[in-house]
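Shown here: target.cif, mmCIF, C-alpha atoms.
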```
data_final
loop_
_atom_site.label_atom_id
_atom_site.label_comp_id
_atom_site.auth_asym_id
_atom_site.auth_seq_id
_atom_site.Cartn_x
_atom_site.Cartn_y
_atom_site.Cartn_z
CA MET L 1 -81.85 -125.24 226.29
CA ALA L 2 -78.74 -123.25 227.09
CA ASN L 3 -78.76 -120.21 229.32
CA LEU L 4 -76.20 -117.75 228.00
CA GLU L 5 -75.05 -115.19 230.55
CA PHE L 6 -72.42 -112.49 230.36
CA GLY L 7 -69.34 -114.71 230.56
CA GLY L 8 -70.89 -117.72 228.84
CA ILE L 9 -72.62 -120.78 230.26
CA ALA L 10 -72.39 -121.10 234.05
CA GLY L 11 -70.50 -124.25 235.00
CA ASP L 12 -68.81 -124.57 231.62
CA ARG L 13 -65.02 -124.67 231.76
CA HIS L 14 -64.82 -121.57 229.56
CA PHE L 15 -67.28 -119.57 231.67
CA GLY L 16 -66.16 -116.19 232.93
CA VAL L 17 -66.16 -112.51 232.06
CA THR L 18 -62.41 -112.80 232.52
CA SER L 19 -60.06 -115.75 232.04
CA LEU L 20 -56.36 -116.47 232.39
CA ALA L 21 -54.03 -115.94 229.44
CA ASP L 22 -52.71 -119.15 227.89
CA ALA L 23 -50.70 -120.15 224.83
CA ARG L 24 -53.34 -118.60 222.58
CA GLN L 25 -52.51 -115.10 223.88
CA PRO L 26 -48.73 -115.02 223.75
CA MET L 27 -48.70 -111.24 224.21
CA TYR L 28 -49.57 -111.70 227.90
CA PRO L 29 -47.65 -113.65 230.52
CA ARG L 30 -49.35 -117.01 231.04
CA GLY L 31 -51.91 -116.82 233.83
CA THR L 32 -52.58 -113.07 233.50
CA GLU L 33 -56.22 -112.19 234.15
CA LYS L 34 -57.68 -110.82 230.92
CA LEU L 35 -61.00 -110.26 229.25
CA ASN L 36 -62.53 -113.59 228.21
CA LEU L 37 -63.77 -113.48 224.64
CA ARG L 38 -63.63 -117.26 224.07
CA GLN L 39 -66.75 -118.04 226.06
CA ILE L 40 -68.81 -120.12 223.66
CA THR L 41 -67.68 -122.52 220.94
CA ILE L 42 -69.91 -123.35 218.00
CA VAL L 43 -69.46 -126.03 215.36
CA SER L 44 -71.45 -126.81 212.22
CA GLU L 45 -72.84 -130.23 211.30
CA GLU L 46 -71.52 -129.85 207.78
CA GLU L 47 -67.97 -129.12 208.90
CA LEU L 48 -68.01 -132.00 211.39
CA SER L 49 -68.99 -134.28 208.50
CA LEU L 50 -66.06 -133.02 206.47
CA ILE L 51 -63.68 -133.66 209.37
CA ALA L 52 -65.05 -137.20 209.79
CA GLU L 53 -64.73 -137.84 206.07
CA GLU L 54 -61.13 -136.63 206.03
CA LEU L 55 -60.32 -138.83 209.02
CA GLY L 56 -62.06 -141.82 207.43
CA ILE L 57 -64.45 -142.30 210.33
CA GLU L 58 -68.22 -142.41 210.45
CA TYR L 59 -68.90 -139.24 212.43
CA VAL L 60 -67.50 -136.72 214.89
CA LEU L 61 -69.79 -135.68 217.72
CA PRO L 62 -69.80 -132.01 218.78
CA GLU L 63 -69.33 -132.97 222.44
CA TRP L 64 -66.02 -134.65 221.61
CA LEU L 65 -64.82 -131.20 220.57
CA GLY L 66 -66.25 -129.59 223.69
CA ALA L 67 -68.63 -127.53 221.57
CA ASN L 68 -71.36 -125.57 223.31
CA LEU L 69 -73.62 -125.16 220.30
CA LEU L 70 -74.18 -127.04 217.04
CA VAL L 71 -75.67 -125.37 213.98
CA ASN L 72 -76.64 -126.62 210.55
CA GLY L 73 -77.49 -124.87 207.30
CA TYR L 74 -74.44 -122.62 207.50
CA PRO L 75 -71.69 -124.91 206.24
CA GLU L 76 -68.97 -122.25 206.12
CA LEU L 77 -69.35 -121.41 209.82
CA THR L 78 -65.61 -121.40 210.52
CA THR L 79 -65.02 -118.66 207.94
CA LEU L 80 -67.42 -116.32 209.71
CA MET L 81 -65.48 -113.13 210.24
CA ILE L 82 -64.59 -111.81 213.66
CA GLY L 83 -67.12 -109.15 214.66
CA SER L 84 -70.05 -110.96 213.03
CA ARG L 85 -73.14 -111.45 215.16
CA LEU L 86 -75.36 -114.48 215.76
CA LEU L 87 -78.84 -113.57 216.92
CA PHE L 88 -81.31 -116.03 218.43
CA PRO L 89 -85.10 -115.75 218.44
CA ASP L 90 -85.39 -114.46 222.02
CA GLY L 91 -82.83 -111.70 221.34
CA THR L 92 -79.80 -113.54 222.67
CA GLY L 93 -76.75 -112.33 220.78
CA LEU L 94 -73.23 -113.65 220.32
CA ILE L 95 -70.29 -111.84 218.80
CA CYS L 96 -67.93 -114.01 216.79
CA MET L 97 -64.30 -113.70 217.87
CA GLY L 98 -62.98 -115.81 215.03
CA GLU L 99 -61.90 -119.28 214.10
CA ASN L 100 -61.33 -121.86 216.81
CA LYS L 101 -57.93 -123.18 215.87
CA PRO L 102 -57.65 -126.93 216.38
CA CYS L 103 -55.35 -128.37 219.03
CA ASN L 104 -54.88 -132.11 219.55
CA LEU L 105 -57.12 -132.58 222.61
CA PRO L 106 -60.34 -133.13 220.61
CA GLY L 107 -58.40 -135.54 218.41
CA GLN L 108 -57.46 -137.57 221.49
CA GLU L 109 -61.15 -137.68 222.42
CA ILE L 110 -62.09 -138.83 218.90
CA GLN L 111 -59.34 -141.46 219.08
CA LYS L 112 -61.03 -143.02 222.13
CA HIS L 113 -64.14 -143.71 220.05
CA TYR L 114 -62.27 -145.19 217.09
CA GLU L 115 -59.52 -147.29 218.63
CA MET L 116 -58.76 -149.13 215.38
CA GLU L 117 -58.00 -145.99 213.38
CA PRO L 118 -54.39 -144.80 213.40
CA LYS L 119 -53.16 -141.42 214.64
CA LEU L 120 -56.49 -139.61 214.84
CA ALA L 121 -55.22 -137.21 217.51
CA THR L 122 -52.53 -135.72 215.32
CA ARG L 123 -54.47 -136.11 212.06
CA PHE L 124 -57.35 -134.17 213.62
CA ILE L 125 -55.39 -130.90 213.64
CA ARG L 126 -54.97 -130.91 209.89
CA ALA L 127 -58.44 -132.30 209.17
CA ALA L 128 -60.09 -129.69 211.38
CA LEU L 129 -58.25 -126.62 210.13
CA LYS L 130 -60.80 -124.01 209.01
CA ARG L 131 -63.56 -126.48 209.99
CA ARG L 132 -63.39 -126.57 213.76
CA GLY L 133 -65.95 -123.81 214.21
CA ILE L 134 -65.77 -120.47 215.95
CA VAL L 135 -65.40 -118.93 219.37
CA CYS L 136 -67.84 -116.28 220.55
CA ALA L 137 -68.52 -113.97 223.45
CA VAL L 138 -72.03 -113.46 224.80
CA GLU L 139 -72.94 -109.96 223.74
CA CYS L 140 -76.56 -110.06 224.88
CA PRO L 141 -77.63 -112.71 227.43
CA GLY L 142 -80.64 -114.97 226.96
CA LYS L 143 -81.79 -118.48 226.25
CA VAL L 144 -81.08 -120.67 223.26
CA TYR L 145 -83.34 -123.61 222.43
CA GLU L 146 -82.87 -126.69 220.29
CA GLY L 147 -84.23 -125.94 216.82
CA ASP L 148 -83.83 -122.17 217.17
CA GLU L 149 -83.31 -120.37 213.89
CA VAL L 150 -80.15 -118.25 214.03
CA GLN L 151 -79.83 -114.95 212.20
CA ILE L 152 -76.27 -114.26 211.12
CA PHE L 153 -75.00 -110.71 210.57
CA VAL L 154 -71.75 -111.08 208.67
CA ASN L 155 -69.08 -108.51 209.45
CA ASN L 156 -66.87 -107.37 206.61
CA LEU L 157 -63.77 -105.23 206.47
CA ASP L 158 -65.07 -102.77 203.92
CA ASN L 159 -68.05 -101.84 206.04
CA PRO L 160 -67.31 -103.08 209.54
CA MET L 161 -70.03 -103.41 212.12
CA GLN L 162 -69.65 -101.66 215.46
CA MET P 1 -51.48 -91.25 232.74
CA ALA P 2 -54.61 -93.23 232.04
CA ASN P 3 -55.75 -96.06 234.27
CA LEU P 4 -57.39 -98.68 232.07
CA GLU P 5 -59.69 -101.03 233.95
CA PHE P 6 -61.96 -103.80 232.72
CA GLY P 7 -64.69 -101.63 231.17
CA GLY P 8 -62.43 -98.76 230.18
CA ILE P 9 -61.55 -95.55 232.01
CA ALA P 10 -63.60 -94.90 235.17
CA GLY P 11 -65.64 -91.72 234.78
CA ASP P 12 -65.46 -91.74 230.98
CA ARG P 13 -68.81 -91.72 229.24
CA HIS P 14 -67.99 -95.00 227.51
CA PHE P 15 -66.92 -96.75 230.71
CA GLY P 16 -68.58 -100.03 231.54
CA VAL P 17 -68.24 -103.77 231.10
CA THR P 18 -71.74 -103.53 229.63
CA SER P 19 -73.47 -100.69 227.81
CA LEU P 20 -76.85 -100.01 226.23
CA ALA P 21 -77.45 -100.85 222.58
CA ASP P 22 -77.75 -97.81 220.30
CA ALA P 23 -77.97 -97.14 216.57
CA ARG P 24 -74.61 -98.82 216.06
CA GLN P 25 -76.04 -102.20 217.08
CA PRO P 26 -79.28 -102.37 215.12
CA MET P 27 -79.62 -106.10 215.83
CA TYR P 28 -80.65 -105.30 219.41
CA PRO P 29 -83.59 -103.19 220.57
CA ARG P 30 -82.27 -99.77 221.56
CA GLY P 31 -81.43 -99.65 225.26
CA THR P 32 -80.76 -103.39 225.63
CA GLU P 33 -77.94 -104.14 228.05
CA LYS P 34 -75.11 -105.75 226.10
CA LEU P 35 -71.40 -106.36 226.33
CA ASN P 36 -69.47 -103.10 225.91
CA LEU P 37 -66.65 -103.49 223.42
CA ARG P 38 -66.41 -99.78 222.52
CA GLN P 39 -64.64 -98.76 225.72
CA ILE P 40 -61.62 -96.85 224.47
CA THR P 41 -61.22 -94.73 221.35
CA ILE P 42 -57.82 -94.11 219.83
CA VAL P 43 -56.83 -91.68 217.11
CA SER P 44 -53.55 -91.11 215.30
CA GLU P 45 -51.82 -87.77 214.89
CA GLU P 46 -51.23 -88.47 211.22
CA GLU P 47 -54.88 -89.17 210.51
CA LEU P 48 -56.01 -86.08 212.44
CA SER P 49 -53.69 -84.04 210.23
CA LEU P 50 -55.27 -85.54 207.12
CA ILE P 51 -58.75 -84.70 208.41
CA ALA P 52 -57.68 -81.12 209.16
CA GLU P 53 -56.12 -80.81 205.71
CA GLU P 54 -59.27 -82.10 204.01
CA LEU P 55 -61.38 -79.65 206.02
CA GLY P 56 -59.01 -76.77 205.23
CA ILE P 57 -58.34 -76.00 208.90
CA GLU P 58 -55.10 -75.82 210.84
CA TYR P 59 -55.57 -78.77 213.17
CA VAL P 60 -58.05 -81.10 214.83
CA LEU P 61 -57.47 -81.85 218.50
CA PRO P 62 -58.07 -85.40 219.73
CA GLU P 63 -60.26 -84.14 222.60
CA TRP P 64 -62.69 -82.61 220.09
CA LEU P 65 -63.31 -86.16 218.90
CA GLY P 66 -63.65 -87.48 222.43
CA ALA P 67 -60.58 -89.67 221.93
CA ASN P 68 -59.11 -91.42 224.96
CA LEU P 69 -55.67 -92.02 223.49
CA LEU P 70 -53.55 -90.44 220.78
CA VAL P 71 -50.77 -92.30 219.00
CA ASN P 72 -48.23 -91.35 216.40
CA GLY P 73 -45.91 -93.32 214.15
CA TYR P 74 -48.71 -95.64 213.03
CA PRO P 75 -50.45 -93.52 210.39
CA GLU P 76 -52.82 -96.24 209.17
CA LEU P 77 -54.33 -96.76 212.64
CA THR P 78 -57.94 -96.78 211.41
CA THR P 79 -57.25 -99.73 209.10
CA LEU P 80 -56.07 -101.87 212.03
CA MET P 81 -58.10 -105.04 211.80
CA ILE P 82 -60.56 -106.08 214.45
CA GLY P 83 -58.95 -108.59 216.79
CA SER P 84 -55.55 -106.87 216.66
CA ARG P 85 -53.86 -106.12 219.98
CA LEU P 86 -52.16 -103.01 221.33
CA LEU P 87 -49.74 -103.74 224.13
CA PHE P 88 -48.27 -101.09 226.44
CA PRO P 89 -44.96 -101.29 228.34
CA ASP P 90 -46.51 -102.26 231.70
CA GLY P 91 -48.48 -105.12 230.08
CA THR P 92 -51.73 -103.24 229.59
CA GLY P 93 -53.49 -104.69 226.56
CA LEU P 94 -56.29 -103.49 224.31
CA ILE P 95 -58.15 -105.50 221.70
CA CYS P 96 -59.15 -103.56 218.60
CA MET P 97 -62.85 -103.84 217.79
CA GLY P 98 -62.56 -102.02 214.49
CA GLU P 99 -62.98 -98.65 212.87
CA ASN P 100 -64.75 -95.87 214.72
CA LYS P 101 -67.21 -94.70 212.11
CA PRO P 102 -67.61 -90.95 212.10
CA CYS P 103 -70.88 -89.32 213.16
CA ASN P 104 -71.45 -85.55 213.07
CA LEU P 105 -70.98 -84.78 216.78
CA PRO P 106 -67.19 -84.32 216.59
CA GLY P 107 -67.74 -82.16 213.52
CA GLN P 108 -70.01 -79.89 215.55
CA GLU P 109 -67.26 -79.62 218.14
CA ILE P 110 -64.69 -78.76 215.47
CA GLN P 111 -67.09 -76.18 214.06
CA LYS P 112 -67.09 -74.34 217.40
CA HIS P 113 -63.35 -73.75 217.06
CA TYR P 114 -63.50 -72.59 213.46
CA GLU P 115 -66.59 -70.43 213.26
CA MET P 116 -65.61 -68.90 209.93
CA GLU P 117 -65.36 -72.22 208.07
CA PRO P 118 -68.56 -73.46 206.44
CA LYS P 119 -70.33 -76.75 207.19
CA LEU P 120 -67.55 -78.47 209.15
CA ALA P 121 -70.02 -80.65 211.03
CA THR P 122 -71.33 -82.38 207.92
CA ARG P 123 -68.04 -82.25 206.01
CA PHE P 124 -66.35 -83.98 208.95
CA ILE P 125 -68.13 -87.26 208.29
CA ARG P 126 -66.64 -87.59 204.83
CA ALA P 127 -63.26 -86.18 205.80
CA ALA P 128 -62.96 -88.57 208.74
CA LEU P 129 -64.02 -91.77 207.02
CA LYS P 130 -61.30 -94.41 207.53
CA ARG P 131 -59.34 -91.81 209.51
CA ARG P 132 -61.34 -91.41 212.69
CA GLY P 133 -59.39 -94.07 214.57
CA ILE P 134 -60.48 -97.24 216.28
CA VAL P 135 -62.52 -98.49 219.19
CA CYS P 136 -61.03 -100.97 221.62
CA ALA P 137 -61.93 -103.01 224.68
CA VAL P 138 -59.55 -103.32 227.61
CA GLU P 139 -58.31 -106.88 227.44
CA CYS P 140 -55.72 -106.59 230.20
CA PRO P 141 -55.97 -103.71 232.71
CA GLY P 142 -53.07 -101.44 233.60
CA LYS P 143 -51.65 -97.98 233.24
CA VAL P 144 -50.74 -96.07 230.12
CA TYR P 145 -48.30 -93.17 230.27
CA GLU P 146 -47.57 -90.30 227.91
CA GLY P 147 -44.72 -91.32 225.63
CA ASP P 148 -45.32 -95.05 226.05
CA GLU P 149 -44.20 -97.13 223.12
CA VAL P 150 -47.07 -99.29 221.86
CA GLN P 151 -46.53 -102.74 220.41
CA ILE P 152 -49.11 -103.60 217.78
CA PHE P 153 -50.03 -107.21 216.99
CA VAL P 154 -51.91 -107.09 213.70
CA ASN P 155 -54.69 -109.63 213.29
CA ASN P 156 -55.25 -111.08 209.85
CA LEU P 157 -57.95 -113.28 208.41
CA ASP P 158 -55.60 -115.92 207.03
CA ASN P 159 -54.06 -116.61 210.41
CA PRO P 160 -56.40 -115.09 212.96
CA MET P 161 -55.28 -114.46 216.53
CA GLN P 162 -57.28 -115.92 219.37
#
```
Represent the structure from my file as structure tokens, please.
Amino acid sequence: MANLEFGGIAGDRHFGVTSLADARQPMYPRGTEKLNLRQITIVSEEELSLIAEELGIEYVLPEWLGANLLVNGYPELTTLMIGSRLLFPDGTGLICMGENKPCNLPGQEIQKHYEMEPKLATRFIRAALKRRGIVCAVECPGKVYEGDEVQIFVNNLDNPMQ
Amino acid sequence: MANLEFGGIAGDRHFGVTSLADARQPMYPRGTEKLNLRQITIVSEEELSLIAEELGIEYVLPEWLGANLLVNGYPELTTLMIGSRLLFPDGTGLICMGENKPCNLPGQEIQKHYEMEPKLATRFIRAALKRRGIVCAVECPGKVYEGDEVQIFVNNLDNPMQ
């Protein structure tokens, strides 16, 4: 079970209604306090399999990528458009803020588990592009349970959601 | 001068880090407390002129639409993609949450100023589609002054910002 509050998951390193600007927000000086919209990261089982396949390893665990939630049955998770909503059975709602672009930290973590494979850390970035899942903000707090069915409301540019 | 805080402009009816779900968020029961990402509304002079032209009236004032900010020199403001940033000279930053879809309340306001023109309230909805400006959340608080030059960082799906 995960308890999603405004700001994310208490104790998680990405928790906070605000956060400090980093290299991902080059329009602000580094360290500026800004709204935190990268509270929750989600990956899909299917995309993790594709990453593992591309890297020539058996599997990639979601925790190696620091993911907060793992979904299956929605293979194209990473393409989910910004502004889309994910709704859980108890009413908990997340708003998708777009693709989580891969950096090489998860690759370094993967490398630790496959010491015989060459250059996983750098190869990860390419293998994980458009497959590394999404970042979300908690729009409506609540609890998420293992096995929950997620309803996905896909945003689209022609008829954007509000 | 407008003082933009986390949550928007203090005293404005859309101010708040959270707000209550309404008809625009049908995935939540009405009245549910949720993250407020519709804090600031922005319109463009050029689009207001197009609306006025379509309605056959002389002008439409931004305050009739309840707009918080008015810009010029960026005529296609309403098409600005969700996730784009607007940066002001003092470092104040807004994140665009997409098109503000027209309802008939601003049209009723316009009607009050042009009593001789027929059916402005209902005609407004069609005339204002894709021209009614955008809604934003305050990403980085600060002050915005009349005449400020705005830098616009356009988000795009192929290379989404974070």
Fit chain P to chain L, all Cα atoms paired in order, least squares. Then write it as a JSON list (two decimals) with C-alpha atoms, in the frame of the given file.
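After the write, part_38.json holds the following:
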```json
[["chain", "number", "residue", "atom", "x", "y", "z"],
["P", 1, "MET", "CA", -81.82, -125.24, 226.31],
["P", 2, "ALA", "CA", -78.71, -123.25, 227.07],
["P", 3, "ASN", "CA", -78.76, -120.22, 229.32],
["P", 4, "LEU", "CA", -76.19, -117.76, 228.00],
["P", 5, "GLU", "CA", -75.06, -115.20, 230.56],
["P", 6, "PHE", "CA", -72.42, -112.49, 230.37],
["P", 7, "GLY", "CA", -69.33, -114.72, 230.55],
["P", 8, "GLY", "CA", -70.87, -117.72, 228.83],
["P", 9, "ILE", "CA", -72.61, -120.78, 230.26],
["P", 10, "ALA", "CA", -72.39, -121.11, 234.06],
["P", 11, "GLY", "CA", -70.49, -124.27, 235.00],
["P", 12, "ASP", "CA", -68.78, -124.57, 231.61],
["P", 13, "ARG", "CA", -65.01, -124.66, 231.75],
["P", 14, "HIS", "CA", -64.80, -121.56, 229.57],
["P", 15, "PHE", "CA", -67.27, -119.57, 231.67],
["P", 16, "GLY", "CA", -66.16, -116.19, 232.92],
["P", 17, "VAL", "CA", -66.16, -112.51, 232.05],
["P", 18, "THR", "CA", -62.40, -112.80, 232.52],
["P", 19, "SER", "CA", -60.06, -115.74, 232.04],
["P", 20, "LEU", "CA", -56.35, -116.47, 232.39],
["P", 21, "ALA", "CA", -54.02, -115.93, 229.45],
["P", 22, "ASP", "CA", -52.70, -119.15, 227.88],
["P", 23, "ALA", "CA", -50.69, -120.13, 224.81],
["P", 24, "ARG", "CA", -53.33, -118.58, 222.57],
["P", 25, "GLN", "CA", -52.51, -115.09, 223.87],
["P", 26, "PRO", "CA", -48.72, -115.01, 223.75],
["P", 27, "MET", "CA", -48.70, -111.23, 224.21],
["P", 28, "TYR", "CA", -49.58, -111.69, 227.89],
["P", 29, "PRO", "CA", -47.63, -113.63, 230.52],
["P", 30, "ARG", "CA", -49.34, -116.98, 231.02],
["P", 31, "GLY", "CA", -51.89, -116.80, 233.83],
["P", 32, "THR", "CA", -52.58, -113.06, 233.50],
["P", 33, "GLU", "CA", -56.21, -112.18, 234.15],
["P", 34, "LYS", "CA", -57.68, -110.81, 230.93],
["P", 35, "LEU", "CA", -61.01, -110.27, 229.25],
["P", 36, "ASN", "CA", -62.55, -113.59, 228.22],
["P", 37, "LEU", "CA", -63.77, -113.48, 224.64],
["P", 38, "ARG", "CA", -63.62, -117.26, 224.06],
["P", 39, "GLN", "CA", -66.76, -118.05, 226.05],
["P", 40, "ILE", "CA", -68.81, -120.13, 223.65],
["P", 41, "THR", "CA", -67.67, -122.51, 220.93],
["P", 42, "ILE", "CA", -69.90, -123.34, 217.99],
["P", 43, "VAL", "CA", -69.47, -126.02, 215.36],
["P", 44, "SER", "CA", -71.45, -126.82, 212.23],
["P", 45, "GLU", "CA", -72.83, -130.22, 211.31],
["P", 46, "GLU", "CA", -71.52, -129.85, 207.78],
["P", 47, "GLU", "CA", -67.98, -129.13, 208.89],
["P", 48, "LEU", "CA", -68.01, -132.01, 211.39],
["P", 49, "SER", "CA", -68.99, -134.29, 208.51],
["P", 50, "LEU", "CA", -66.05, -133.02, 206.46],
["P", 51, "ILE", "CA", -63.68, -133.67, 209.36],
["P", 52, "ALA", "CA", -65.05, -137.19, 209.79],
["P", 53, "GLU", "CA", -64.72, -137.83, 206.06],
["P", 54, "GLU", "CA", -61.12, -136.62, 206.02],
["P", 55, "LEU", "CA", -60.32, -138.84, 209.01],
["P", 56, "GLY", "CA", -62.06, -141.83, 207.41],
["P", 57, "ILE", "CA", -64.46, -142.30, 210.33],
["P", 58, "GLU", "CA", -68.24, -142.39, 210.43],
["P", 59, "TYR", "CA", -68.91, -139.24, 212.43],
["P", 60, "VAL", "CA", -67.52, -136.72, 214.89],
["P", 61, "LEU", "CA", -69.81, -135.68, 217.72],
["P", 62, "PRO", "CA", -69.82, -132.02, 218.78],
["P", 63, "GLU", "CA", -69.35, -132.98, 222.45],
["P", 64, "TRP", "CA", -66.03, -134.66, 221.60],
["P", 65, "LEU", "CA", -64.83, -131.21, 220.57],
["P", 66, "GLY", "CA", -66.24, -129.59, 223.68],
["P", 67, "ALA", "CA", -68.62, -127.52, 221.55],
["P", 68, "ASN", "CA", -71.35, -125.55, 223.30],
["P", 69, "LEU", "CA", -73.61, -125.16, 220.29],
["P", 70, "LEU", "CA", -74.16, -127.02, 217.03],
["P", 71, "VAL", "CA", -75.67, -125.38, 213.96],
["P", 72, "ASN", "CA", -76.62, -126.61, 210.54],
["P", 73, "GLY", "CA", -77.49, -124.89, 207.28],
["P", 74, "TYR", "CA", -74.45, -122.61, 207.49],
["P", 75, "PRO", "CA", -71.69, -124.91, 206.24],
["P", 76, "GLU", "CA", -68.96, -122.25, 206.11],
["P", 77, "LEU", "CA", -69.34, -121.40, 209.82],
["P", 78, "THR", "CA", -65.60, -121.40, 210.53],
["P", 79, "THR", "CA", -65.00, -118.67, 207.93],
["P", 80, "LEU", "CA", -67.42, -116.32, 209.71],
["P", 81, "MET", "CA", -65.47, -113.13, 210.23],
["P", 82, "ILE", "CA", -64.61, -111.81, 213.65],
["P", 83, "GLY", "CA", -67.11, -109.15, 214.67],
["P", 84, "SER", "CA", -70.04, -110.96, 213.04],
["P", 85, "ARG", "CA", -73.16, -111.46, 215.15],
["P", 86, "LEU", "CA", -75.37, -114.48, 215.75],
["P", 87, "LEU", "CA", -78.84, -113.57, 216.92],
["P", 88, "PHE", "CA", -81.31, -116.05, 218.43],
["P", 89, "PRO", "CA", -85.12, -115.77, 218.43],
["P", 90, "ASP", "CA", -85.40, -114.48, 222.02],
["P", 91, "GLY", "CA", -82.83, -111.72, 221.34],
["P", 92, "THR", "CA", -79.80, -113.56, 222.68],
["P", 93, "GLY", "CA", -76.75, -112.33, 220.79],
["P", 94, "LEU", "CA", -73.23, -113.65, 220.32],
["P", 95, "ILE", "CA", -70.29, -111.83, 218.80],
["P", 96, "CYS", "CA", -67.93, -114.00, 216.77],
["P", 97, "MET", "CA", -64.31, -113.71, 217.86],
["P", 98, "GLY", "CA", -62.98, -115.81, 215.02],
["P", 99, "GLU", "CA", -61.89, -119.29, 214.11],
["P", 100, "ASN", "CA", -61.31, -121.86, 216.82],
["P", 101, "LYS", "CA", -57.92, -123.19, 215.87],
["P", 102, "PRO", "CA", -57.64, -126.92, 216.38],
["P", 103, "CYS", "CA", -55.35, -128.37, 219.04],
["P", 104, "ASN", "CA", -54.89, -132.12, 219.57],
["P", 105, "LEU", "CA", -57.14, -132.58, 222.62],
["P", 106, "PRO", "CA", -60.36, -133.15, 220.63],
["P", 107, "GLY", "CA", -58.42, -135.55, 218.42],
["P", 108, "GLN", "CA", -57.49, -137.58, 221.49],
["P", 109, "GLU", "CA", -61.16, -137.70, 222.41],
["P", 110, "ILE", "CA", -62.10, -138.84, 218.91],
["P", 111, "GLN", "CA", -59.37, -141.47, 219.09],
["P", 112, "LYS", "CA", -61.06, -143.02, 222.14],
["P", 113, "HIS", "CA", -64.16, -143.73, 220.06],
["P", 114, "TYR", "CA", -62.28, -145.19, 217.11],
["P", 115, "GLU", "CA", -59.54, -147.28, 218.64],
["P", 116, "MET", "CA", -58.79, -149.11, 215.40],
["P", 117, "GLU", "CA", -58.02, -145.97, 213.38],
["P", 118, "PRO", "CA", -54.41, -144.80, 213.44],
["P", 119, "LYS", "CA", -53.16, -141.42, 214.68],
["P", 120, "LEU", "CA", -56.51, -139.60, 214.86],
["P", 121, "ALA", "CA", -55.24, -137.21, 217.52],
["P", 122, "THR", "CA", -52.53, -135.72, 215.32],
["P", 123, "ARG", "CA", -54.46, -136.09, 212.06],
["P", 124, "PHE", "CA", -57.34, -134.16, 213.62],
["P", 125, "ILE", "CA", -55.40, -130.90, 213.65],
["P", 126, "ARG", "CA", -54.98, -130.91, 209.89],
["P", 127, "ALA", "CA", -58.43, -132.31, 209.19],
["P", 128, "ALA", "CA", -60.09, -129.68, 211.38],
["P", 129, "LEU", "CA", -58.25, -126.62, 210.14],
["P", 130, "LYS", "CA", -60.81, -124.01, 209.02],
["P", 131, "ARG", "CA", -63.55, -126.48, 209.99],
["P", 132, "ARG", "CA", -63.38, -126.56, 213.77],
["P", 133, "GLY", "CA", -65.95, -123.79, 214.21],
["P", 134, "ILE", "CA", -65.77, -120.46, 215.96],
["P", 135, "VAL", "CA", -65.40, -118.92, 219.37],
["P", 136, "CYS", "CA", -67.84, -116.28, 220.53],
["P", 137, "ALA", "CA", -68.51, -113.97, 223.45],
["P", 138, "VAL", "CA", -72.02, -113.46, 224.80],
["P", 139, "GLU", "CA", -72.94, -109.96, 223.73],
["P", 140, "CYS", "CA", -76.56, -110.08, 224.88],
["P", 141, "PRO", "CA", -77.63, -112.73, 227.42],
["P", 142, "GLY", "CA", -80.65, -114.98, 226.96],
["P", 143, "LYS", "CA", -81.78, -118.49, 226.25],
["P", 144, "VAL", "CA", -81.08, -120.68, 223.26],
["P", 145, "TYR", "CA", -83.34, -123.61, 222.44],
["P", 146, "GLU", "CA", -82.87, -126.69, 220.28],
["P", 147, "GLY", "CA", -84.21, -125.94, 216.82],
["P", 148, "ASP", "CA", -83.82, -122.17, 217.16],
["P", 149, "GLU", "CA", -83.31, -120.37, 213.89],
["P", 150, "VAL", "CA", -80.14, -118.26, 214.02],
["P", 151, "GLN", "CA", -79.83, -114.96, 212.21],
["P", 152, "ILE", "CA", -76.27, -114.27, 211.12],
["P", 153, "PHE", "CA", -75.00, -110.72, 210.58],
["P", 154, "VAL", "CA", -71.75, -111.07, 208.66],
["P", 155, "ASN", "CA", -69.07, -108.51, 209.46],
["P", 156, "ASN", "CA", -66.86, -107.35, 206.63],
["P", 157, "LEU", "CA", -63.76, -105.22, 206.52],
["P", 158, "ASP", "CA", -65.07, -102.76, 203.94],
["P", 159, "ASN", "CA", -68.06, -101.82, 206.05],
["P", 160, "PRO", "CA", -67.31, -103.06, 209.54],
["P", 161, "MET", "CA", -70.05, -103.41, 212.14],
["P", 162, "GLN", "CA", -69.67, -101.67, 215.46]]
```
Q | Chain and number of each residue from the PyMOL selection byres ((chain P and resi 102-115) around 12), as number ranges by chain | A | L: 162; P: 23-24, 41, 43, 48, 51-52, 55-67, 78, 99-101, 116-135
Q) Around (-66.2, -102.2, 210.0) in the file's own coordinates, what residues are found within 6 Å if you use all atoms listed in the file, given back as JSON, numbers by chain? A) {"L": [157, 159, 160, 161], "P": [98, 99]}
Could you write out that same residue set with C-alpha atoms as a compact mmCIF listing (two decimals), in the coordinates of the input?
```txt
# COMPACT_ATOMS: atom_id res chain seq x y z
CA LEU L 157 -63.77 -105.23 206.47
CA ASN L 159 -68.05 -101.84 206.04
CA PRO L 160 -67.31 -103.08 209.54
CA MET L 161 -70.03 -103.41 212.12
CA GLY P 98 -62.56 -102.02 214.49
CA GLU P 99 -62.98 -98.65 212.87
```
Q. What are the residues of chain P that have an atom within 9 Å of an atom of chain L, counting only C-alpha atoms, as a PyMOL selection string?
A. chain P and resi 6+18+24-25+27-29+32-38+79+81-83+85+87+91-93+97-101+135+137-141+153+157+160-162
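CA of Asn3 (chain P) is found 6.5 Å from CA of Val144 (chain P).
Taking CA of His14 (chain L) and CA of Pro89 (chain P) as the two end points, the separation is 28.4 Å.
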Q) So how many Å separate CA of Glu53 (chain L) and CA of Ile40 (chain L), to one decimal? A) 25.3 Å
